[in-house]
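Okay, structure first, notes after.
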Amino acid sequence: MNHMKLIILCMLTGFLSKAQNTDIRGNQYFLKGKIIKKSDAIIQACGSDAWALVVELEIINFTNDSYKGKNIPVIFTCPTSYRKQYFNVGKVHTLKVADQKQTNFAWIISNYEALEKYNLKTKFWVIN
């Protein structure tokens, strides 16, 4: 009987540890930056469509040593989940970003042109 309880406990522990898997796709970096440009894009709420917003930051500190720019565009998914003042120009944020999106579906980026002007091979996605 005690063996059976031990087996069940081990199985449950294994299932729970697998369920709490927090693997991040791609490389992950920490970025501290100041918002330098207010987006004129309409910020849409996520629902049946997955909306995202590009925010341009002046880099204060970035753990990706291969990035040489002074400014960087980052993609915030579901931007309406942030406080209203979060995206104000001049605000400084410390963010965790990845060089791959964390979902299997496509995002509608309402101000994609802000990303295109940097002509980067890598897109940086904010990890919530």
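Each chain in the structure tokens gets a letter, A, B and so on, in the order shown; residues start at 1 in every chain, and ligands are counted from 1 in the order they appear.
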
Exercise. Check the DSSP output for the backbone and give back, as a PyMOL selection string, the residues of stretch 24-125 of chain A in helix (DSSP H, G or I).
Key: chain A and resi 79-81+84-87+112-116

Next, write the just-selected residues to a file, as an mmCIF file, in the first residue's frame, keeping N, CA and C atoms as the atom set.
data_model
loop_
_atom_site.group_PDB
_atom_site.id
_atom_site.type_symbol
_atom_site.label_atom_id
_atom_site.label_comp_id
_atom_site.auth_asym_id
_atom_site.auth_seq_id
_atom_site.Cartn_x
_atom_site.Cartn_y
_atom_site.Cartn_z
ATOM 1 N N PRO A 79 -1.204 44.538 -26.124
ATOM 2 C CA PRO A 79 -0.790 45.758 -25.414
ATOM 3 C C PRO A 79 -1.850 46.347 -24.488
ATOM 4 N N THR A 80 -3.110 46.007 -24.669
ATOM 5 C CA THR A 80 -4.129 46.563 -23.772
ATOM 6 C C THR A 80 -4.075 45.944 -22.383
ATOM 7 N N SER A 81 -3.263 44.895 -22.215
ATOM 8 C CA SER A 81 -3.142 44.303 -20.884
ATOM 9 C C SER A 81 -2.191 45.103 -19.987
ATOM 10 N N LYS A 84 -2.526 52.119 -18.817
ATOM 11 C CA LYS A 84 -2.666 53.140 -19.844
ATOM 12 C C LYS A 84 -1.395 53.982 -20.008
ATOM 13 N N GLN A 85 -0.735 54.331 -18.926
ATOM 14 C CA GLN A 85 0.453 55.184 -18.980
ATOM 15 C C GLN A 85 1.737 54.406 -19.267
ATOM 16 N N TYR A 86 1.656 53.112 -19.420
ATOM 17 C CA TYR A 86 2.838 52.268 -19.591
ATOM 18 C C TYR A 86 3.662 52.679 -20.815
ATOM 19 N N PHE A 87 2.998 53.098 -21.881
ATOM 20 C CA PHE A 87 3.673 53.391 -23.138
ATOM 21 C C PHE A 87 3.966 54.879 -23.340
ATOM 22 N N TYR A 112 3.413 48.071 -37.789
ATOM 23 C CA TYR A 112 4.520 47.279 -38.321
ATOM 24 C C TYR A 112 5.597 48.143 -38.980
ATOM 25 N N GLU A 113 5.205 49.285 -39.525
ATOM 26 C CA GLU A 113 6.178 50.169 -40.191
ATOM 27 C C GLU A 113 7.263 50.645 -39.227
ATOM 28 N N ALA A 114 6.944 50.759 -37.943
ATOM 29 C CA ALA A 114 7.948 51.148 -36.951
ATOM 30 C C ALA A 114 9.033 50.085 -36.836
ATOM 31 N N LEU A 115 8.676 48.842 -37.046
ATOM 32 C CA LEU A 115 9.628 47.738 -37.007
ATOM 33 C C LEU A 115 10.453 47.688 -38.302
ATOM 34 N N GLU A 116 9.784 47.902 -39.426
ATOM 35 C CA GLU A 116 10.440 47.811 -40.729
ATOM 36 C C GLU A 116 11.561 48.837 -40.909
#

Quiz item: Skipping near chain neighbours, those fewer than 6 positions away, what residues fall within 9 Å of A:Asn61 using only C-alpha atoms, listed as a PyMOL selection string?
Solution: chain A and resi 30-33+94

Using the selection just defined, write its residues with C-alpha atoms as a short mmCIF file (atom, residue, chain, number, x, y, z; two decimals), in the first residue's frame.
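Output (part_9.cif):
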data_model
loop_
_atom_site.label_atom_id
_atom_site.label_comp_id
_atom_site.auth_asym_id
_atom_site.auth_seq_id
_atom_site.Cartn_x
_atom_site.Cartn_y
_atom_site.Cartn_z
CA PHE A 30 17.16 41.63 -20.49
CA LEU A 31 16.64 45.11 -21.84
CA LYS A 32 16.40 48.38 -19.96
CA GLY A 33 15.23 51.19 -22.16
CA THR A 94 13.24 46.79 -17.71
#

Exercise. Return as a list of chain:residue names the full set of residues in stretch 17-46 of chain A whose backbone-based DSSP assignment is strand (DSSP E or B).
Key: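 Restricting stretch 17-46 of chain A to strand (DSSP E or B) produces A:Gln28, A:Tyr29, A:Phe30, A:Leu31, A:Lys32, A:Gly33, A:Lys34, A:Ile35.
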
Expected file: the selected residues, N, CA and C atoms, as a tab-separated table (two decimals), in the first residue's frame:
chain	number	residue	atom	x	y	z
A	28	GLN	N	16.96	34.52	-24.83
A	28	GLN	CA	16.28	35.50	-23.98
A	28	GLN	C	17.31	36.51	-23.47
A	29	TYR	N	16.86	37.77	-23.40
A	29	TYR	CA	17.73	38.87	-22.99
A	29	TYR	C	16.98	39.79	-22.03
A	30	PHE	N	17.75	40.58	-21.29
A	30	PHE	CA	17.16	41.63	-20.49
A	30	PHE	C	17.50	42.96	-21.13
A	31	LEU	N	16.50	43.82	-21.19
A	31	LEU	CA	16.64	45.11	-21.84
A	31	LEU	C	16.08	46.19	-20.93
A	32	LYS	N	16.89	47.21	-20.67
A	32	LYS	CA	16.40	48.38	-19.96
A	32	LYS	C	16.44	49.51	-20.98
A	33	GLY	N	15.29	50.15	-21.16
A	33	GLY	CA	15.23	51.19	-22.16
A	33	GLY	C	14.18	52.23	-21.85
A	34	LYS	N	14.33	53.38	-22.52
A	34	LYS	CA	13.41	54.50	-22.35
A	34	LYS	C	12.60	54.64	-23.63
A	35	ILE	N	11.30	54.76	-23.49
A	35	ILE	CA	10.44	54.93	-24.66
A	35	ILE	C	10.75	56.28	-25.31

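You will find atom CA of A:Asn111 at 26.7 Å from atom CA of A:Asp65.
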
Quiz prompt | For A:Asn71, the nearest of the candidates A:Val97, A:Ile42, A:Ile127, A:Val55, counting only C-alpha atoms | solution = A:Val55

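Ranking A:Ala41, A:Cys78, A:Leu57, A:Ala52 by their shortest atom-to-atom distance to A:Lys91, with only C-alpha atoms included, puts A:Leu57 first.
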
Quiz item: Which polymer residues have any atom within 10 Å of an atom of A:Gly69, counting only C-alpha atoms, with same-chain residues fewer than 2 positions away left out, as a ChimeraX atom specification?
Solution: /A:58-59,66-67,71-72,118

Self-check item: Non-local contacts of A:Asp49 (8 Å; only C-alpha atoms; under 3 positions in same chain excluded) as a ChimeraX atom specification
Solution: /A:46,107-108

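The smallest atom-to-atom distance between A:Val89 and any of A:Ser39, A:Leu120, A:Gly26, A:Phe105, using only C-alpha atoms, is found for A:Ser39.
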
Exercise. Between A:Lys70, A:Asp99, A:Asn104, A:Lys37, single out the one closest to A:Lys121, counting only C-alpha atoms.
Key: A:Asp99
